[in-house]
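With mmCIF, C-alpha atoms inside, this is structure.cif:
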```cif
data_input
#
loop_
_atom_site.label_atom_id
_atom_site.label_comp_id
_atom_site.auth_asym_id
_atom_site.auth_seq_id
_atom_site.Cartn_x
_atom_site.Cartn_y
_atom_site.Cartn_z
CA MET A 1 82.55 90.03 135.55
CA PRO A 2 80.90 86.89 134.12
CA LYS A 3 83.01 83.74 134.18
CA THR A 4 82.15 82.79 130.60
CA PHE A 5 81.95 84.83 127.42
CA PRO A 6 80.22 84.18 124.09
CA PRO A 7 82.35 81.62 122.22
CA PHE A 8 84.38 82.35 119.11
CA TYR A 9 82.05 82.65 116.13
CA ALA A 10 83.21 81.58 112.68
CA ASP A 11 81.37 81.75 109.38
CA PHE A 12 82.08 82.85 105.80
CA PHE A 13 82.24 86.53 106.77
CA VAL A 14 84.87 85.90 109.45
CA PHE A 15 87.31 84.38 106.97
CA PHE A 16 86.43 86.71 104.10
CA ILE A 17 86.95 89.82 106.25
CA LEU A 18 90.17 88.45 107.77
CA LEU A 19 91.67 87.93 104.30
CA GLY A 20 90.59 91.46 103.38
CA ILE A 21 92.44 92.79 106.43
CA VAL A 22 95.61 90.96 105.38
CA GLN A 23 95.22 92.35 101.85
CA GLY A 24 94.74 95.89 103.17
CA LEU A 25 97.74 95.73 105.49
CA SER A 26 99.96 94.38 102.71
CA LEU A 27 98.93 97.15 100.34
CA SER A 28 99.32 99.84 103.01
CA TYR A 29 102.86 98.61 103.70
CA PHE A 30 103.66 98.78 99.99
CA PHE A 31 102.34 102.34 99.64
CA LEU A 32 103.86 103.70 102.85
CA ARG A 33 107.30 102.64 101.69
CA GLN A 34 107.03 104.90 98.63
CA LYS A 35 108.42 108.44 98.64
CA GLU A 36 105.61 110.15 96.74
CA THR A 37 103.07 112.09 98.80
CA ALA A 38 100.10 110.50 97.02
CA ASN A 39 101.34 106.98 97.76
CA ARG A 40 101.86 107.73 101.43
CA TYR A 41 98.39 109.18 101.81
CA PHE A 42 96.98 106.09 100.07
CA GLY A 43 99.00 103.94 102.45
CA LEU A 44 97.63 105.83 105.45
CA ALA A 45 94.06 105.48 104.18
CA LEU A 46 94.49 101.73 103.66
CA LEU A 47 96.19 101.23 107.03
CA VAL A 48 93.42 103.02 108.92
CA LEU A 49 90.73 101.21 106.94
CA SER A 50 92.35 97.86 107.75
CA ILE A 51 92.45 98.71 111.46
CA LEU A 52 88.78 99.75 111.42
CA VAL A 53 87.81 96.51 109.68
CA PHE A 54 89.94 94.56 112.19
CA ASP A 55 87.96 96.17 115.02
CA VAL A 56 84.72 95.02 113.38
CA TRP A 57 86.18 91.53 112.88
CA LEU A 58 87.05 91.26 116.57
CA GLY A 59 83.50 92.21 117.56
CA TYR A 60 81.78 90.00 114.99
CA SER A 61 83.85 86.92 115.87
CA ASN A 62 83.45 87.51 119.65
CA LEU A 63 87.23 87.65 120.10
CA MET A 64 86.86 91.16 121.53
CA PHE A 65 85.56 89.56 124.75
CA GLN A 66 89.05 88.08 125.22
CA ILE A 67 90.76 91.48 124.87
CA LEU A 68 88.20 93.88 126.32
CA TRP A 69 90.80 96.60 126.88
CA LEU A 70 90.71 97.14 123.07
CA VAL A 71 87.01 98.06 123.06
CA ASP A 72 86.50 101.32 121.11
CA PHE A 73 90.25 101.52 120.37
CA SER A 74 89.90 102.44 116.68
CA GLU A 75 87.05 104.96 116.69
CA ALA A 76 89.26 107.99 116.01
CA GLY A 77 90.31 106.29 112.78
CA ASN A 78 86.84 106.86 111.39
CA PHE A 79 87.87 110.50 110.91
CA ILE A 80 91.19 109.72 109.19
CA PHE A 81 90.26 107.54 106.22
CA ALA A 82 88.15 110.01 104.21
CA PRO A 83 90.53 113.01 104.41
CA ALA A 84 93.56 110.76 103.75
CA LEU A 85 91.92 109.42 100.59
CA TYR A 86 90.98 112.94 99.51
CA LEU A 87 94.53 114.23 99.99
CA ALA A 88 95.90 111.19 98.15
CA LEU A 89 93.68 111.87 95.15
CA ARG A 90 94.64 115.55 95.17
CA ALA A 91 98.33 114.70 95.06
CA TYR A 92 97.81 111.89 92.54
CA LEU A 93 95.84 114.11 90.16
CA GLY A 94 98.19 117.07 90.44
CA ALA A 95 95.90 119.47 92.30
CA LYS A 96 97.53 122.47 93.95
CA ARG A 97 99.28 121.50 97.18
CA GLU A 98 97.49 122.67 100.33
CA LEU A 99 99.36 124.84 102.81
CA HIS A 100 98.24 123.00 105.96
CA PRO A 101 96.98 119.51 105.02
CA TRP A 102 97.25 118.36 108.64
CA LEU A 103 94.15 120.42 109.45
CA HIS A 104 92.06 117.77 107.69
CA PHE A 105 92.98 115.38 110.51
CA ALA A 106 92.04 117.76 113.32
CA PRO A 107 88.67 115.99 114.00
CA ALA A 108 90.52 112.68 114.35
CA GLY A 109 92.98 114.27 116.79
CA ILE A 110 90.18 115.80 118.85
CA TYR A 111 88.30 112.50 119.02
CA PHE A 112 91.48 110.64 119.96
CA LEU A 113 92.13 113.01 122.87
CA TYR A 114 88.51 112.64 123.93
CA SER A 115 88.87 108.84 123.78
CA CYS A 116 92.02 108.94 125.90
CA VAL A 117 90.22 110.87 128.61
CA ALA A 118 86.72 109.41 128.46
CA LEU A 119 86.76 105.96 126.84
CA TYR A 120 90.16 104.29 127.10
CA SER A 121 90.19 104.86 130.87
CA LEU A 122 86.90 103.01 131.47
CA PRO A 123 87.24 99.96 133.76
CA ILE A 124 86.98 96.55 132.10
CA PRO A 125 83.42 95.81 133.39
CA TYR A 126 82.15 98.95 131.63
CA LYS A 127 83.95 97.93 128.45
CA TYR A 128 82.33 94.51 128.72
CA ASN A 129 78.90 96.15 128.78
CA SER A 130 79.85 98.41 125.88
CA ASN A 131 80.87 95.44 123.73
CA LEU A 132 77.79 93.51 124.83
CA ASN A 133 75.48 96.37 123.85
CA ALA A 134 77.18 96.65 120.46
CA TRP A 135 77.16 92.97 119.46
CA HIS A 136 74.91 91.03 121.85
CA PRO A 137 72.08 93.28 123.09
CA GLU A 138 70.05 90.14 123.73
CA LEU A 139 72.34 89.21 126.65
CA ILE A 140 72.00 90.66 130.15
CA PRO A 141 74.63 93.35 130.92
CA LEU A 142 76.41 93.75 134.22
CA LEU A 143 74.71 95.92 136.83
CA LEU A 144 77.06 98.88 137.10
CA ASP A 145 76.79 102.39 138.47
CA TYR A 146 76.77 104.87 135.54
CA SER A 147 75.87 107.93 137.63
CA GLY A 148 78.05 110.92 136.73
CA MET A 149 79.47 109.14 133.67
CA GLY A 150 77.24 110.66 131.01
CA TRP A 151 79.99 113.05 129.88
CA ARG A 152 82.13 110.10 128.83
CA PHE A 153 79.73 109.21 126.02
CA THR A 154 78.85 112.72 124.81
CA LEU A 155 80.84 112.54 121.55
CA GLN A 156 80.62 108.79 121.10
CA GLN A 157 76.84 108.84 120.79
CA TRP A 158 77.20 111.04 117.68
CA LEU A 159 80.03 109.01 116.12
CA ASP A 160 78.02 107.39 113.31
CA GLU A 161 76.30 110.60 112.25
CA SER A 162 79.54 112.59 112.32
CA MET A 163 81.39 109.90 110.37
CA ILE A 164 78.73 109.78 107.64
CA ILE A 165 78.60 113.58 107.31
CA GLN A 166 82.39 113.86 107.13
CA GLY A 167 82.55 111.02 104.61
CA ALA A 168 79.94 112.68 102.41
CA VAL A 169 81.86 115.98 102.47
CA TYR A 170 85.19 114.41 101.52
CA VAL A 171 83.72 112.12 98.87
CA GLY A 172 82.12 115.23 97.36
CA LEU A 173 85.45 117.08 97.45
CA SER A 174 87.20 114.10 95.87
CA ALA A 175 84.62 113.98 93.09
CA TRP A 176 85.12 117.71 92.48
CA VAL A 177 88.93 117.33 92.25
CA LEU A 178 88.47 114.41 89.86
CA ALA A 179 86.02 116.33 87.68
CA GLN A 180 88.53 119.20 87.48
CA ALA A 181 91.26 116.77 86.40
CA PHE A 182 89.05 115.37 83.62
CA ARG A 183 88.28 118.92 82.51
CA ARG A 184 91.97 119.84 82.36
CA ALA A 185 92.64 116.73 80.29
CA GLU A 186 89.71 117.69 78.02
CA LEU A 187 88.12 114.28 78.52
CA SER A 188 84.62 113.12 79.35
CA PHE A 189 84.13 112.01 82.96
CA TRP A 190 83.53 108.46 81.72
CA ALA A 191 86.49 108.37 79.31
CA THR A 192 88.81 105.37 79.69
CA SER A 193 91.84 106.53 77.68
CA ASN A 194 93.70 107.92 80.71
CA LYS A 195 94.52 105.16 83.20
CA ARG A 196 95.34 107.56 86.01
CA LEU A 197 91.98 109.30 85.73
CA SER A 198 90.11 106.03 85.21
CA TRP A 199 91.59 104.49 88.32
CA SER A 200 90.88 107.63 90.36
CA ARG A 201 87.28 107.58 89.14
CA GLY A 202 86.98 103.98 90.28
CA ILE A 203 88.24 104.89 93.76
CA VAL A 204 85.77 107.77 94.05
CA LEU A 205 82.87 105.62 92.87
CA ILE A 206 83.72 102.81 95.25
CA SER A 207 83.92 105.39 98.06
CA VAL A 208 80.42 106.55 97.16
CA VAL A 209 79.11 102.98 97.34
CA ILE A 210 80.85 102.37 100.68
CA LEU A 211 79.26 105.54 102.03
CA VAL A 212 75.81 104.43 100.85
CA VAL A 213 76.28 100.95 102.35
CA LEU A 214 77.44 102.55 105.60
CA PHE A 215 74.42 104.85 105.73
CA LEU A 216 71.87 102.13 104.96
CA THR A 217 73.43 99.73 107.45
CA LYS A 218 73.42 102.28 110.26
CA VAL A 219 69.81 103.18 109.48
CA TYR A 220 68.71 99.53 109.56
CA TYR A 221 70.72 98.46 112.64
CA ASP A 222 70.57 100.30 115.97
CA ASP A 223 73.80 98.62 117.12
CA ASP A 224 77.00 97.32 115.48
CA ARG A 225 75.64 93.95 114.37
CA GLY A 226 75.44 95.07 110.75
CA ASP A 227 79.03 96.31 110.62
CA HIS A 228 80.21 92.99 109.17
CA ILE A 229 78.29 93.91 106.00
CA ILE A 230 80.30 97.11 105.69
CA ALA A 231 83.54 95.28 106.50
CA SER A 232 82.79 92.60 103.90
CA PHE A 233 82.15 95.18 101.20
CA ILE A 234 85.39 97.00 102.10
CA SER A 235 87.25 93.68 101.93
CA LEU A 236 85.76 92.99 98.50
CA SER A 237 86.83 96.47 97.40
CA MET A 238 90.38 95.77 98.50
CA TYR A 239 90.45 92.54 96.51
CA LEU A 240 89.10 94.06 93.31
CA ILE A 241 90.13 97.71 93.19
CA MET A 242 93.51 97.62 94.88
CA GLY A 243 94.57 94.38 93.23
CA THR A 244 93.70 95.81 89.83
CA MET A 245 95.56 98.99 90.69
CA LEU A 246 98.82 97.16 91.34
CA ARG A 247 98.67 95.44 87.98
CA ARG A 248 97.24 98.04 85.64
CA THR A 249 97.09 101.60 86.93
CA ALA A 250 99.26 104.34 85.47
CA LEU A 251 100.61 104.88 88.99
CA PHE A 252 102.86 101.87 88.40
CA GLU A 253 103.54 102.23 84.70
CA GLN A 254 107.12 103.16 85.49
CA LEU A 255 107.62 99.70 87.01
CA GLN A 256 106.77 97.97 83.74
CA PRO A 257 109.68 97.53 81.28
CA GLU A 258 109.00 98.71 77.76
CA LYS A 259 109.11 96.05 75.09
CA LYS A 260 112.14 96.39 72.83
CA SER A 261 111.68 93.46 70.51
CA TYR A 262 109.97 94.46 67.27
CA ASN A 263 110.90 91.63 64.96
CA ARG A 264 107.30 91.17 63.86
CA SER A 265 106.40 94.85 63.69
CA SER A 266 104.97 96.18 60.42
CA LEU A 267 106.18 99.71 61.14
CA GLN A 268 108.51 101.02 58.41
CA ASP A 269 111.33 103.52 58.76
CA LYS A 270 109.32 106.22 56.99
CA ASP A 271 106.44 105.63 59.38
CA LYS A 272 108.73 106.03 62.39
CA ALA A 273 110.15 109.23 60.94
CA ALA A 274 106.66 110.64 60.46
CA ILE A 275 105.66 109.72 64.02
CA ALA A 276 108.86 111.28 65.36
CA GLN A 277 108.18 114.52 63.47
CA LYS A 278 104.58 114.72 64.72
CA LEU A 279 105.84 113.97 68.23
CA ARG A 280 108.34 116.86 68.20
CA LEU A 281 105.74 119.33 66.96
CA LEU A 282 103.17 118.20 69.53
CA MET A 283 105.59 118.31 72.46
CA GLU A 284 106.96 121.73 71.54
CA GLU A 285 103.73 123.46 70.59
CA HIS A 286 101.11 121.95 72.92
CA LYS A 287 103.28 120.68 75.82
CA PRO A 288 101.03 117.80 76.91
CA TYR A 289 103.77 116.59 79.28
CA LEU A 290 102.85 119.40 81.70
CA GLN A 291 99.73 117.45 82.73
CA PRO A 292 100.26 115.19 85.80
CA GLY A 293 98.16 112.49 84.13
CA PHE A 294 100.36 112.43 81.03
CA SER A 295 100.91 108.83 79.93
CA LEU A 296 102.08 106.78 76.95
CA GLN A 297 98.48 105.96 76.11
CA SER A 298 97.33 109.59 76.19
CA LEU A 299 100.28 110.67 74.03
CA ALA A 300 99.58 107.92 71.49
CA LYS A 301 95.95 109.05 71.34
CA LEU A 302 97.00 112.64 70.64
CA LEU A 303 99.31 111.44 67.87
CA LYS A 304 96.62 109.04 66.56
CA VAL A 305 99.00 106.07 66.60
CA GLN A 306 99.11 102.74 68.40
CA PRO A 307 100.97 102.85 71.76
CA HIS A 308 103.33 100.04 70.70
CA HIS A 309 104.18 101.92 67.47
CA LEU A 310 104.97 105.00 69.54
CA THR A 311 107.16 102.95 71.89
CA GLN A 312 108.99 101.43 68.91
CA THR A 313 109.61 104.88 67.42
CA LEU A 314 110.96 106.18 70.71
CA ASN A 315 113.27 103.20 71.18
CA GLU A 316 114.55 102.77 67.63
CA ASP A 317 114.31 106.23 66.03
CA LEU A 318 114.95 108.50 69.01
CA GLY A 319 116.91 106.10 71.21
CA THR A 320 114.93 106.84 74.34
CA SER A 321 111.93 105.67 76.35
CA PHE A 322 108.64 107.42 77.06
CA PHE A 323 109.63 108.24 80.63
CA GLU A 324 113.07 109.54 79.62
CA LEU A 325 111.51 111.70 76.90
CA THR A 326 108.94 113.07 79.34
CA ALA A 327 111.67 113.89 81.86
CA GLN A 328 113.73 115.69 79.21
CA TYR A 329 110.88 118.01 78.23
CA ARG A 330 109.73 118.56 81.80
CA ILE A 331 113.21 119.40 83.10
CA ALA A 332 113.81 121.74 80.15
CA GLU A 333 110.54 123.51 81.00
CA ALA A 334 111.57 123.64 84.68
CA GLN A 335 114.90 125.21 83.76
CA ALA A 336 113.08 127.88 81.77
CA LEU A 337 110.87 128.65 84.77
CA LEU A 338 113.81 128.70 87.17
CA ARG A 339 115.74 131.21 85.09
CA HIS A 340 112.79 133.47 84.23
CA PRO A 341 112.69 136.64 86.38
CA ASP A 342 108.88 136.55 86.67
CA THR A 343 108.95 133.14 88.39
CA ARG A 344 111.74 133.78 90.90
CA ASP A 345 109.22 133.76 93.77
CA LEU A 346 107.98 130.26 92.97
CA THR A 347 109.12 127.50 95.30
CA ILE A 348 110.69 124.29 94.04
CA GLU A 349 107.41 122.52 94.85
CA ASP A 350 105.51 125.03 92.71
CA ILE A 351 107.93 124.50 89.82
CA ALA A 352 107.55 120.73 90.15
CA GLU A 353 103.75 120.98 89.99
CA ARG A 354 103.84 123.33 87.01
CA VAL A 355 105.89 120.90 84.94
CA GLY A 356 103.75 117.86 85.81
CA TYR A 357 105.47 116.20 88.76
CA LEU A 358 103.36 114.96 91.66
CA SER A 359 106.06 115.25 94.31
CA LYS A 360 109.16 117.29 95.02
CA SER A 361 111.28 114.15 95.51
CA ALA A 362 110.42 112.78 92.07
CA PHE A 363 111.17 116.17 90.52
CA ASN A 364 114.52 116.45 92.34
CA THR A 365 115.53 112.96 91.22
CA ALA A 366 114.67 113.61 87.57
CA PHE A 367 116.28 117.08 87.60
CA LYS A 368 119.53 115.80 89.09
CA LYS A 369 119.64 112.95 86.61
CA GLN A 370 119.29 115.40 83.71
CA THR A 371 121.54 118.21 84.96
CA GLY A 372 123.80 116.68 87.58
CA MET A 373 122.53 118.97 90.34
CA THR A 374 119.39 119.66 92.34
CA PRO A 375 116.91 122.36 91.26
CA THR A 376 117.89 124.47 94.27
CA ALA A 377 121.58 124.31 93.40
CA TRP A 378 120.86 125.00 89.74
CA ARG A 379 118.78 128.06 90.64
CA SER A 380 121.37 129.41 93.09
CA ARG A 381 124.01 129.19 90.36
CA LEU A 382 121.98 131.71 88.33
CA GLU A 383 121.95 134.29 91.11
#
```
For the file at hand, write its structure as structure tokens.
Amino acid sequence: MPKTFPPFYADFFVFFILLGIVQGLSLSYFFLRQKETANRYFGLALLVLSILVFDVWLGYSNLMFQILWLVDFSEAGNFIFAPALYLALRAYLGAKRELHPWLHFAPAGIYFLYSCVALYSLPIPYKYNSNLNAWHPELIPLLLDYSGMGWRFTLQQWLDESMIIQGAVYVGLSAWVLAQAFRRAELSFWATSNKRLSWSRGIVLISVVILVVLFLTKVYYDDDRGDHIIASFISLSMYLIMGTMLRRTALFEQLQPEKKSYNRSSLQDKDKAAIAQKLRLLMEEHKPYLQPGFSLQSLAKLLKVQPHHLTQTLNEDLGTSFFELTAQYRIAEAQALLRHPDTRDLTIEDIAERVGYLSKSAFNTAFKKQTGMTPTAWRSRLE
């Protein structure tokens, strides 16, 4: 082994990428703590992406030479991010739950087992050469005997191509799920009225751009020296997209308290009564609350009123909030499904999806709050 290694390298990209890693890890922690399936898949996608970017950061800054045993440690993660994001969007947009979602991570598991056998067990001098070839091909590698070791690099040599192909497949699937959600909501793909759909569209589009940047970078560079470009773009995406999501997306609307001070409102009692009447007719006849993307803004658009006027009507005329009203209608619909003989074979998860809930836990919580018992207990009481 050489006695000296390339020194620590610091420039704008080193600090920009490092801050992106911190941002990604913070957001992944936030999401993974949530109970909803969509949030946990988002958390997994962000965690894996942060680890992949961290691997790039170590190589770009030359710190990897100080911890050579970590060389190639994150490569299996390249096959986790895209399916995790796809499954998150499916759950978030209310697509039908898959029977065996873990199968999407089978390629990552296979590559991890391969890495354990072929790559992680490589002696440190070989890992030094591997890192040198990736980031400093201009330097002279160690003279080592590679005879009989070709099998160790069989899958690794196709890593970039496999990653790009898998990414293209899952981005395409995500776009298809999103297009179906827009179609169910009877909205144009570029409509901005539904925050949930708008945010999901932004995630899909940014995934497309990341895929294009990844492809062009790998075409232009024969080694890993262009990976900092990809890592920088991912860091920028975390700053812009995920930061905006925490503040504005419909995913967190339930965290925002509704305004209850209407001293300056111009809405009259007769106006509130008219809105309340239109609301009852719409909810009973068209049942918009069954859509997973149902939001205060989408309901106000259907009623052709301002969202704050709708909120005021709910608070003052009906004595409830948007989320309480939605839960009331959804749980009433769930009770009808649970007692109907034609739907006895449906699982609780199926019932939850049919009435607009994205997770069984959220449905159970709302159902118990409305009825005092879980859906399972309520159903068993009917038998």
I'd like the contact shell of region 42-47 of chain A - 8 Å cut-off, all atoms listed in the file, skipping same-chain residues fewer than 3 positions apart - returned as a list in words.
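What passes the distance filter is Gly24, Leu25, Leu27, Ser28, Tyr29, Phe30, Phe31, Leu32, Ala38, Asn39, Ser50, Ile51, Ile80, Phe81, Ala82, Ala84, Leu85 and Ala88 of chain A.
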Specify as an MDAnalysis selection string each residue included when the PyMOL selection byres ((chain A and resi 108) around 7) is applied to this file.
chainID A and resid 76:77 79:80 105:107 109:112
Identify the residues around (114.9, 118.2, 81.4) within a radius of 10 Å, measuring from only C-alpha atoms in the coordinates stated by the file, and give them as a short mmCIF file (atom, residue, chain, number, x, y, z; two decimals) with C-alpha atoms, in the coordinates of the input.
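Written file, selection.cif:
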```
data_model
loop_
_atom_site.label_atom_id
_atom_site.label_comp_id
_atom_site.auth_asym_id
_atom_site.auth_seq_id
_atom_site.Cartn_x
_atom_site.Cartn_y
_atom_site.Cartn_z
CA GLU A 324 113.07 109.54 79.62
CA LEU A 325 111.51 111.70 76.90
CA THR A 326 108.94 113.07 79.34
CA ALA A 327 111.67 113.89 81.86
CA GLN A 328 113.73 115.69 79.21
CA TYR A 329 110.88 118.01 78.23
CA ARG A 330 109.73 118.56 81.80
CA ILE A 331 113.21 119.40 83.10
CA ALA A 332 113.81 121.74 80.15
CA GLU A 333 110.54 123.51 81.00
CA ALA A 334 111.57 123.64 84.68
CA GLN A 335 114.90 125.21 83.76
CA ALA A 336 113.08 127.88 81.77
CA ALA A 366 114.67 113.61 87.57
CA PHE A 367 116.28 117.08 87.60
CA LYS A 368 119.53 115.80 89.09
CA LYS A 369 119.64 112.95 86.61
CA GLN A 370 119.29 115.40 83.71
CA THR A 371 121.54 118.21 84.96
#
```
Enter the distance from CA of Val71 (chain A) to CA of His228 (chain A), in Å, rounded to one decimal.
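Going from CA of Val71 (chain A) over to CA of His228 (chain A), I get 16.3 Å.
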Can you work out which one of A:Trp199, A:Tyr146, A:Phe189, A:Phe16 has the shortest atom-to-atom distance to Phe233 (chain A), counting only C-alpha atoms?
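Among the listed residues, the smallest separation from Phe233 (chain A) belongs to A:Phe16.
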Output as JSON the centre and edge lengths (Å, one decimal) of the box along x, y and z of the file that holds every listed atom of region 55-71 of chain A after adding 3 Å on each side.
```
{"center_x": 86.3, "center_y": 92.5, "center_z": 119.9, "size_x": 15.0, "size_y": 17.1, "size_z": 20.0}
```
Selected residue of minimal separation from Tyr86 (chain A) among A:Leu178, A:Val219, A:Ala274, A:Ala362, counting all atoms listed in the file
A:Leu178
Report the residues retrieved by the PyMOL selection byres ((chain A and resi 122) around 12) from the displayed file, expressed as a tab-separated table (two decimals) with C-alpha atoms, in the coordinates of the input.
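The resulting file, out-v8.tsv, is reproduced below:
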```
chain	number	residue	atom	x	y	z
A	68	LEU	CA	88.20	93.88	126.32
A	69	TRP	CA	90.80	96.60	126.88
A	70	LEU	CA	90.71	97.14	123.07
A	71	VAL	CA	87.01	98.06	123.06
A	72	ASP	CA	86.50	101.32	121.11
A	73	PHE	CA	90.25	101.52	120.37
A	115	SER	CA	88.87	108.84	123.78
A	116	CYS	CA	92.02	108.94	125.90
A	117	VAL	CA	90.22	110.87	128.61
A	118	ALA	CA	86.72	109.41	128.46
A	119	LEU	CA	86.76	105.96	126.84
A	120	TYR	CA	90.16	104.29	127.10
A	121	SER	CA	90.19	104.86	130.87
A	123	PRO	CA	87.24	99.96	133.76
A	124	ILE	CA	86.98	96.55	132.10
A	125	PRO	CA	83.42	95.81	133.39
A	126	TYR	CA	82.15	98.95	131.63
A	127	LYS	CA	83.95	97.93	128.45
A	128	TYR	CA	82.33	94.51	128.72
A	129	ASN	CA	78.90	96.15	128.78
A	130	SER	CA	79.85	98.41	125.88
A	146	TYR	CA	76.77	104.87	135.54
A	149	MET	CA	79.47	109.14	133.67
A	152	ARG	CA	82.13	110.10	128.83
A	153	PHE	CA	79.73	109.21	126.02
```
Under the rule that only C-alpha atoms are counted, which of A:Ile140, A:Leu214, A:Ala181, A:Ile165 is the nearest residue to Leu197 (chain A)?
A:Ala181
Distance CA of Ile21 (chain A)-CA of Phe8 (chain A), one decimal place?
18.3 Å
Using all atoms listed in the file, collect all residues at a distance of at most 9 Å from (92.3, 113.9, 95.3) as written in the file, then present them as an MDAnalysis selection string.
chainID A and resid 38 85:95 173:178 200
Selected residues written out, C-alpha atoms, as an mmCIF file, keeping the file's coordinate frame:
```cif
data_model
loop_
_atom_site.group_PDB
_atom_site.id
_atom_site.type_symbol
_atom_site.label_atom_id
_atom_site.label_comp_id
_atom_site.auth_asym_id
_atom_site.auth_seq_id
_atom_site.Cartn_x
_atom_site.Cartn_y
_atom_site.Cartn_z
ATOM 1 C CA ALA A 38 100.100 110.500 97.020
ATOM 2 C CA LEU A 85 91.920 109.420 100.590
ATOM 3 C CA TYR A 86 90.980 112.940 99.510
ATOM 4 C CA LEU A 87 94.530 114.230 99.990
ATOM 5 C CA ALA A 88 95.900 111.190 98.150
ATOM 6 C CA LEU A 89 93.680 111.870 95.150
ATOM 7 C CA ARG A 90 94.640 115.550 95.170
ATOM 8 C CA ALA A 91 98.330 114.700 95.060
ATOM 9 C CA TYR A 92 97.810 111.890 92.540
ATOM 10 C CA LEU A 93 95.840 114.110 90.160
ATOM 11 C CA GLY A 94 98.190 117.070 90.440
ATOM 12 C CA ALA A 95 95.900 119.470 92.300
ATOM 13 C CA LEU A 173 85.450 117.080 97.450
ATOM 14 C CA SER A 174 87.200 114.100 95.870
ATOM 15 C CA ALA A 175 84.620 113.980 93.090
ATOM 16 C CA TRP A 176 85.120 117.710 92.480
ATOM 17 C CA VAL A 177 88.930 117.330 92.250
ATOM 18 C CA LEU A 178 88.470 114.410 89.860
ATOM 19 C CA SER A 200 90.880 107.630 90.360
#
```
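With all atoms listed in the file as the atoms that count, the minimum distance from Glu353 (chain A) to the choices A:Lys96, A:Arg196, A:Arg183, A:Lys304 is reached by A:Lys96.
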